[in-house]
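What follows is the content of upload-v5.txt, which has compact mmCIF, N, CA and C atoms:
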```txt
# COMPACT_ATOMS: atom_id res chain seq x y z
N MET F 146 -3.93 132.05 -7.95
CA MET F 146 -5.04 131.22 -8.38
C MET F 146 -5.96 131.00 -7.19
N ASN F 147 -7.25 131.30 -7.34
CA ASN F 147 -8.13 131.15 -6.20
C ASN F 147 -8.52 129.69 -6.00
N LYS F 148 -9.09 129.43 -4.83
CA LYS F 148 -9.35 128.06 -4.43
C LYS F 148 -10.38 127.37 -5.31
N SER F 149 -11.37 128.11 -5.80
CA SER F 149 -12.40 127.48 -6.63
C SER F 149 -11.82 126.96 -7.94
N LYS F 150 -10.84 127.67 -8.52
CA LYS F 150 -10.20 127.18 -9.74
C LYS F 150 -9.41 125.92 -9.46
N ILE F 151 -8.75 125.87 -8.29
CA ILE F 151 -7.97 124.69 -7.94
C ILE F 151 -8.88 123.49 -7.75
N VAL F 152 -10.01 123.71 -7.07
CA VAL F 152 -10.97 122.61 -6.87
C VAL F 152 -11.52 122.15 -8.20
N LEU F 153 -11.82 123.09 -9.09
CA LEU F 153 -12.33 122.72 -10.41
C LEU F 153 -11.31 121.89 -11.17
N LYS F 154 -10.03 122.26 -11.08
CA LYS F 154 -9.00 121.46 -11.76
C LYS F 154 -8.92 120.06 -11.18
N GLN F 155 -9.06 119.94 -9.85
CA GLN F 155 -9.03 118.62 -9.24
C GLN F 155 -10.23 117.79 -9.66
N VAL F 156 -11.40 118.42 -9.74
CA VAL F 156 -12.59 117.69 -10.18
C VAL F 156 -12.43 117.25 -11.63
N LEU F 157 -11.89 118.13 -12.47
CA LEU F 157 -11.66 117.75 -13.86
C LEU F 157 -10.64 116.62 -13.95
N PHE F 158 -9.64 116.64 -13.06
CA PHE F 158 -8.66 115.56 -13.02
C PHE F 158 -9.35 114.24 -12.67
N TRP F 159 -10.24 114.31 -11.68
CA TRP F 159 -10.94 113.09 -11.26
C TRP F 159 -11.97 112.65 -12.30
N GLN F 160 -12.42 113.59 -13.13
CA GLN F 160 -13.40 113.26 -14.15
C GLN F 160 -12.81 112.26 -15.14
N ASN F 161 -11.53 112.34 -15.38
CA ASN F 161 -10.89 111.43 -16.32
C ASN F 161 -10.73 110.03 -15.73
N ARG F 162 -10.88 109.90 -14.44
CA ARG F 162 -10.76 108.59 -13.81
C ARG F 162 -12.04 107.79 -14.04
N SER F 163 -11.92 106.50 -13.92
CA SER F 163 -13.05 105.62 -14.25
C SER F 163 -14.18 105.70 -13.22
N HIS F 164 -13.90 106.03 -11.99
CA HIS F 164 -14.95 106.02 -10.97
C HIS F 164 -15.61 107.38 -10.77
N PHE F 165 -15.30 108.36 -11.60
CA PHE F 165 -15.94 109.67 -11.46
C PHE F 165 -17.44 109.57 -11.74
N ASP F 166 -17.84 108.81 -12.76
CA ASP F 166 -19.26 108.65 -13.07
C ASP F 166 -20.01 108.01 -11.91
N ASN F 167 -19.36 107.05 -11.26
CA ASN F 167 -19.97 106.40 -10.10
C ASN F 167 -20.20 107.40 -8.98
N ILE F 168 -19.20 108.25 -8.70
CA ILE F 168 -19.33 109.26 -7.64
C ILE F 168 -20.40 110.28 -8.01
N ALA F 169 -20.43 110.70 -9.27
CA ALA F 169 -21.44 111.68 -9.70
C ALA F 169 -22.85 111.11 -9.58
N ASN F 170 -23.04 109.85 -9.93
CA ASN F 170 -24.36 109.22 -9.81
C ASN F 170 -24.76 109.10 -8.34
N ARG F 171 -23.83 108.72 -7.50
CA ARG F 171 -24.14 108.62 -6.06
C ARG F 171 -24.48 109.98 -5.47
N LEU F 172 -23.81 111.02 -5.96
CA LEU F 172 -24.09 112.38 -5.49
C LEU F 172 -25.50 112.80 -5.86
N LEU F 173 -25.96 112.42 -7.04
CA LEU F 173 -27.31 112.77 -7.48
C LEU F 173 -28.38 111.95 -6.77
N GLN F 174 -28.05 110.73 -6.34
CA GLN F 174 -29.03 109.85 -5.73
C GLN F 174 -29.02 109.89 -4.21
N ILE F 175 -28.21 110.75 -3.62
CA ILE F 175 -28.06 110.77 -2.16
C ILE F 175 -29.33 111.33 -1.51
N ASN F 176 -29.70 110.79 -0.37
CA ASN F 176 -30.85 111.28 0.38
C ASN F 176 -30.40 112.49 1.20
N SER F 177 -30.96 113.66 0.90
CA SER F 177 -30.50 114.89 1.56
C SER F 177 -30.87 114.91 3.05
N ASP F 178 -31.97 114.25 3.44
CA ASP F 178 -32.34 114.21 4.86
C ASP F 178 -31.32 113.41 5.66
N VAL F 179 -30.89 112.29 5.13
CA VAL F 179 -29.89 111.47 5.80
C VAL F 179 -28.56 112.22 5.88
N LEU F 180 -28.21 112.91 4.80
CA LEU F 180 -26.97 113.69 4.78
C LEU F 180 -27.04 114.83 5.81
N THR F 181 -28.20 115.45 5.97
CA THR F 181 -28.37 116.49 6.98
C THR F 181 -28.22 115.92 8.38
N ASP F 182 -28.80 114.73 8.63
CA ASP F 182 -28.66 114.09 9.94
C ASP F 182 -27.21 113.76 10.25
N ILE F 183 -26.50 113.24 9.27
CA ILE F 183 -25.08 112.91 9.47
C ILE F 183 -24.28 114.17 9.74
N THR F 184 -24.58 115.24 9.01
CA THR F 184 -23.87 116.51 9.21
C THR F 184 -24.10 117.04 10.61
N GLU F 185 -25.33 116.99 11.09
CA GLU F 185 -25.63 117.46 12.44
C GLU F 185 -24.92 116.63 13.49
N CYS F 186 -24.85 115.32 13.29
CA CYS F 186 -24.13 114.46 14.24
C CYS F 186 -22.64 114.77 14.24
N MET F 187 -22.08 115.03 13.06
CA MET F 187 -20.65 115.34 12.98
C MET F 187 -20.35 116.70 13.61
N ILE F 188 -21.26 117.65 13.47
CA ILE F 188 -21.07 118.97 14.10
C ILE F 188 -21.05 118.82 15.61
N LYS F 189 -21.89 117.93 16.15
CA LYS F 189 -21.92 117.69 17.60
C LYS F 189 -20.69 116.91 18.08
N GLY F 190 -19.94 116.34 17.16
CA GLY F 190 -18.75 115.58 17.52
C GLY F 190 -19.01 114.09 17.69
N GLU F 191 -20.17 113.65 17.31
CA GLU F 191 -20.51 112.23 17.42
C GLU F 191 -19.90 111.45 16.25
N ARG F 192 -19.68 110.17 16.47
CA ARG F 192 -19.16 109.31 15.41
C ARG F 192 -20.30 108.56 14.76
N MET F 193 -20.26 108.51 13.44
CA MET F 193 -21.29 107.80 12.70
C MET F 193 -20.74 106.46 12.22
N LYS F 194 -21.53 105.41 12.40
CA LYS F 194 -21.10 104.09 11.96
C LYS F 194 -21.73 103.72 10.62
N GLY F 195 -22.88 104.25 10.33
CA GLY F 195 -23.57 103.89 9.09
C GLY F 195 -24.37 102.63 9.27
N ASP F 196 -25.48 102.73 10.00
CA ASP F 196 -26.31 101.55 10.26
C ASP F 196 -27.12 101.14 9.04
N SER F 197 -27.71 102.11 8.36
CA SER F 197 -28.52 101.79 7.18
C SER F 197 -27.67 101.94 5.91
N GLN F 198 -28.20 101.45 4.81
CA GLN F 198 -27.47 101.55 3.54
C GLN F 198 -27.37 103.00 3.08
N GLU F 199 -28.42 103.81 3.36
CA GLU F 199 -28.37 105.22 2.97
C GLU F 199 -27.27 105.96 3.73
N GLU F 200 -27.12 105.65 5.02
CA GLU F 200 -26.05 106.27 5.81
C GLU F 200 -24.67 105.85 5.30
N LYS F 201 -24.55 104.58 4.94
CA LYS F 201 -23.28 104.10 4.40
C LYS F 201 -22.95 104.79 3.08
N ASP F 202 -23.96 105.01 2.24
CA ASP F 202 -23.75 105.71 0.97
C ASP F 202 -23.30 107.15 1.21
N CYS F 203 -23.93 107.82 2.18
CA CYS F 203 -23.54 109.20 2.50
C CYS F 203 -22.11 109.27 3.03
N LEU F 204 -21.77 108.34 3.91
CA LEU F 204 -20.42 108.34 4.47
C LEU F 204 -19.37 108.04 3.40
N GLN F 205 -19.71 107.15 2.47
CA GLN F 205 -18.78 106.84 1.37
C GLN F 205 -18.60 108.05 0.47
N LEU F 206 -19.68 108.80 0.23
CA LEU F 206 -19.60 110.00 -0.59
C LEU F 206 -18.74 111.06 0.10
N ILE F 207 -18.91 111.22 1.41
CA ILE F 207 -18.08 112.16 2.17
C ILE F 207 -16.62 111.75 2.09
N HIS F 208 -16.36 110.47 2.17
CA HIS F 208 -14.98 109.96 2.06
C HIS F 208 -14.39 110.27 0.68
N ASP F 209 -15.17 110.09 -0.37
CA ASP F 209 -14.68 110.36 -1.72
C ASP F 209 -14.40 111.85 -1.92
N ILE F 210 -15.30 112.70 -1.42
CA ILE F 210 -15.07 114.15 -1.53
C ILE F 210 -13.86 114.56 -0.71
N ASP F 211 -13.68 113.94 0.43
CA ASP F 211 -12.52 114.22 1.27
C ASP F 211 -11.22 113.83 0.56
N ARG F 212 -11.26 112.74 -0.17
CA ARG F 212 -10.08 112.29 -0.91
C ARG F 212 -9.72 113.28 -2.02
N ILE F 213 -10.73 113.84 -2.68
CA ILE F 213 -10.48 114.86 -3.70
C ILE F 213 -9.91 116.11 -3.06
N GLY F 214 -10.45 116.48 -1.89
CA GLY F 214 -9.97 117.66 -1.19
C GLY F 214 -8.54 117.55 -0.72
N GLY F 215 -8.03 116.34 -0.62
CA GLY F 215 -6.64 116.14 -0.20
C GLY F 215 -5.64 116.63 -1.23
N HIS F 216 -6.08 116.82 -2.46
CA HIS F 216 -5.19 117.30 -3.52
C HIS F 216 -5.24 118.81 -3.69
N VAL F 217 -6.11 119.48 -2.91
CA VAL F 217 -6.23 120.93 -2.99
C VAL F 217 -5.35 121.54 -1.90
N LYS F 218 -4.39 122.35 -2.31
CA LYS F 218 -3.46 122.94 -1.35
C LYS F 218 -4.20 123.87 -0.40
N GLY F 219 -3.91 123.73 0.88
CA GLY F 219 -4.52 124.58 1.90
C GLY F 219 -5.84 124.08 2.43
N SER F 220 -6.36 122.99 1.88
CA SER F 220 -7.63 122.47 2.38
C SER F 220 -7.39 121.72 3.70
N ILE F 221 -8.46 121.49 4.42
CA ILE F 221 -8.35 120.81 5.71
C ILE F 221 -7.80 119.40 5.52
N THR F 222 -8.22 118.74 4.46
CA THR F 222 -7.75 117.38 4.21
C THR F 222 -6.26 117.36 3.88
N SER F 223 -5.80 118.32 3.08
CA SER F 223 -4.36 118.34 2.76
C SER F 223 -3.54 118.64 4.01
N LYS F 224 -4.07 119.49 4.90
CA LYS F 224 -3.37 119.75 6.16
C LYS F 224 -3.34 118.50 7.03
N LYS F 225 -4.44 117.72 6.99
CA LYS F 225 -4.48 116.47 7.75
C LYS F 225 -3.43 115.49 7.20
N TYR F 226 -3.31 115.42 5.88
CA TYR F 226 -2.30 114.55 5.27
C TYR F 226 -0.89 115.00 5.64
N MET F 227 -0.65 116.32 5.62
CA MET F 227 0.68 116.82 5.99
C MET F 227 0.99 116.51 7.45
N ARG F 228 -0.01 116.68 8.31
CA ARG F 228 0.19 116.39 9.73
C ARG F 228 0.53 114.91 9.93
N ASN F 229 -0.14 114.02 9.18
CA ASN F 229 0.17 112.59 9.27
C ASN F 229 1.58 112.31 8.77
N GLU F 230 2.00 113.00 7.71
CA GLU F 230 3.37 112.81 7.21
C GLU F 230 4.39 113.27 8.23
N ILE F 231 4.11 114.39 8.90
CA ILE F 231 5.05 114.89 9.92
C ILE F 231 5.15 113.90 11.07
N TRP F 232 4.01 113.38 11.55
CA TRP F 232 4.05 112.41 12.64
C TRP F 232 4.77 111.13 12.21
N SER F 233 4.60 110.72 10.98
CA SER F 233 5.31 109.53 10.49
C SER F 233 6.81 109.78 10.46
N LEU F 234 7.19 110.97 10.02
CA LEU F 234 8.61 111.32 9.98
C LEU F 234 9.20 111.38 11.38
N ILE F 235 8.44 111.93 12.33
CA ILE F 235 8.92 112.00 13.71
C ILE F 235 9.07 110.60 14.29
N SER F 236 8.12 109.71 14.01
CA SER F 236 8.24 108.36 14.56
C SER F 236 9.39 107.59 13.89
N PHE F 237 9.70 107.91 12.64
CA PHE F 237 10.78 107.22 11.94
C PHE F 237 12.16 107.77 12.32
N ARG F 238 12.30 109.10 12.32
CA ARG F 238 13.59 109.74 12.56
C ARG F 238 13.78 110.23 13.99
N GLY F 239 12.70 110.40 14.72
CA GLY F 239 12.79 110.97 16.06
C GLY F 239 12.40 112.43 16.03
N ALA F 240 12.17 112.97 17.22
CA ALA F 240 11.74 114.36 17.31
C ALA F 240 12.88 115.29 16.89
N PRO F 241 12.54 116.37 16.23
CA PRO F 241 13.59 117.31 15.80
C PRO F 241 14.17 118.07 16.98
N SER F 242 15.42 118.45 16.87
CA SER F 242 16.07 119.25 17.89
C SER F 242 16.27 120.65 17.34
N TRP F 243 15.40 121.51 17.72
CA TRP F 243 15.48 122.89 17.25
C TRP F 243 15.77 123.77 18.44
N TYR F 244 16.72 124.64 18.28
CA TYR F 244 17.05 125.58 19.33
C TYR F 244 16.82 126.98 18.78
N ILE F 245 15.85 127.63 19.34
CA ILE F 245 15.53 128.98 18.90
C ILE F 245 15.72 129.91 20.10
N THR F 246 16.50 130.93 19.90
CA THR F 246 16.72 131.91 20.96
C THR F 246 16.04 133.20 20.56
N LEU F 247 15.14 133.63 21.39
CA LEU F 247 14.46 134.89 21.15
C LEU F 247 14.96 135.90 22.18
N SER F 248 15.59 136.92 21.73
CA SER F 248 16.00 137.97 22.65
C SER F 248 15.67 139.31 22.03
N PRO F 249 14.74 140.00 22.64
CA PRO F 249 14.38 141.30 22.08
C PRO F 249 15.52 142.29 22.27
N ALA F 250 15.65 143.16 21.35
CA ALA F 250 16.68 144.19 21.44
C ALA F 250 16.16 145.28 22.37
N ASP F 251 16.62 145.25 23.63
CA ASP F 251 16.11 146.20 24.62
C ASP F 251 16.50 147.64 24.30
N ASN F 252 17.61 147.81 23.63
CA ASN F 252 18.04 149.19 23.35
C ASN F 252 17.19 149.86 22.27
N LYS F 253 16.30 149.10 21.61
CA LYS F 253 15.44 149.69 20.59
C LYS F 253 13.97 149.62 20.97
N HIS F 254 13.64 149.00 22.08
CA HIS F 254 12.25 148.87 22.50
C HIS F 254 11.73 150.22 22.98
N PRO F 255 10.52 150.62 22.59
CA PRO F 255 10.01 151.94 22.96
C PRO F 255 9.92 152.18 24.46
N ILE F 256 9.55 151.16 25.23
CA ILE F 256 9.46 151.34 26.69
C ILE F 256 10.85 151.57 27.28
N SER F 257 11.83 150.80 26.79
CA SER F 257 13.20 150.98 27.29
C SER F 257 13.73 152.36 26.93
N LEU F 258 13.44 152.82 25.74
CA LEU F 258 13.89 154.15 25.35
C LEU F 258 13.23 155.24 26.20
N TYR F 259 11.97 155.04 26.55
CA TYR F 259 11.27 156.03 27.37
C TYR F 259 11.91 156.11 28.75
N TYR F 260 12.09 154.92 29.38
CA TYR F 260 12.66 154.94 30.72
C TYR F 260 14.13 155.35 30.73
N ALA F 261 14.84 155.09 29.65
CA ALA F 261 16.25 155.51 29.59
C ALA F 261 16.35 157.03 29.51
N ASP F 262 15.36 157.66 28.96
CA ASP F 262 15.38 159.10 28.79
C ASP F 262 14.98 159.85 30.06
N THR F 263 14.22 159.21 30.96
CA THR F 263 13.69 159.91 32.13
C THR F 263 14.52 159.70 33.39
N GLN F 264 15.65 159.06 33.32
CA GLN F 264 16.53 158.80 34.47
C GLN F 264 15.82 158.02 35.56
N GLU F 265 14.97 157.07 35.18
CA GLU F 265 14.26 156.21 36.13
C GLU F 265 15.22 155.19 36.70
N GLU F 266 15.03 154.86 37.99
CA GLU F 266 15.82 153.80 38.63
C GLU F 266 14.90 152.62 38.88
N PHE F 267 15.37 151.47 38.58
CA PHE F 267 14.60 150.25 38.78
C PHE F 267 15.07 149.60 40.07
N THR F 268 14.21 149.62 41.09
CA THR F 268 14.53 149.01 42.38
C THR F 268 13.37 148.10 42.78
N PRO F 269 13.48 146.84 42.45
CA PRO F 269 12.39 145.91 42.78
C PRO F 269 12.34 145.65 44.28
N VAL F 270 11.13 145.43 44.78
CA VAL F 270 10.93 145.08 46.19
C VAL F 270 11.05 143.57 46.29
N LEU F 271 12.04 143.12 47.05
CA LEU F 271 12.26 141.68 47.21
C LEU F 271 11.83 141.19 48.54
```

Any chance you could give the structure as structure tokens?
Amino acid sequence: MNKSKIVLKQVLFWQNRSHFDNIANRLLQINSDVLTDITECMIKGERMKGDSQEEKDCLQLIHDIDRIGGHVKGSITSKKYMRNEIWSLISFRGAPSWYITLSPADNKHPISLYYADTQEEFTPVL
């Protein structure tokens, strides 16, 4: 299932909620110039506080869209939620103890096979 179908299902899910009409109306009434300014500030990494009412409306709309995106698997918001869950679990249970041993099989590595065939001697200079 592609991502657009998943997003459409989430939007249809939110459509049944009582505040969907409110979000849709705010989306239609949003000032695109203010939204462009906020987007440019966010791209630069600046934090927006929302000094005017139009900025507050844009930020609230972004928050609502972000909340919908949290239900779409693989979206940035869902990854943010998973990351928060992992950090909560680590703070509750402690850091995991994982022991992973990586050892390449030297007898099957192409470089090892090449040098094994040519009778090369390895004598490092110490």

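Using all atoms listed in the file for every distance, the candidate list F:Tyr226, F:Leu234, F:Asp202, F:Trp243 yields F:Asp202 as the residue closest to Ile175 of chain F.
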
I'd like the interatomic distance between atom C of Asp211 of chain F and atom C of Met187 of chain F, to a tenth of an Å.
16.2 Å

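One finds atom CA of Leu206 of chain F at 11.8 Å from atom CA of Ile183 of chain F.
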
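Between atom CA of Glu191 of chain F and atom CA of Val179 of chain F there is a distance of 15.0 Å.
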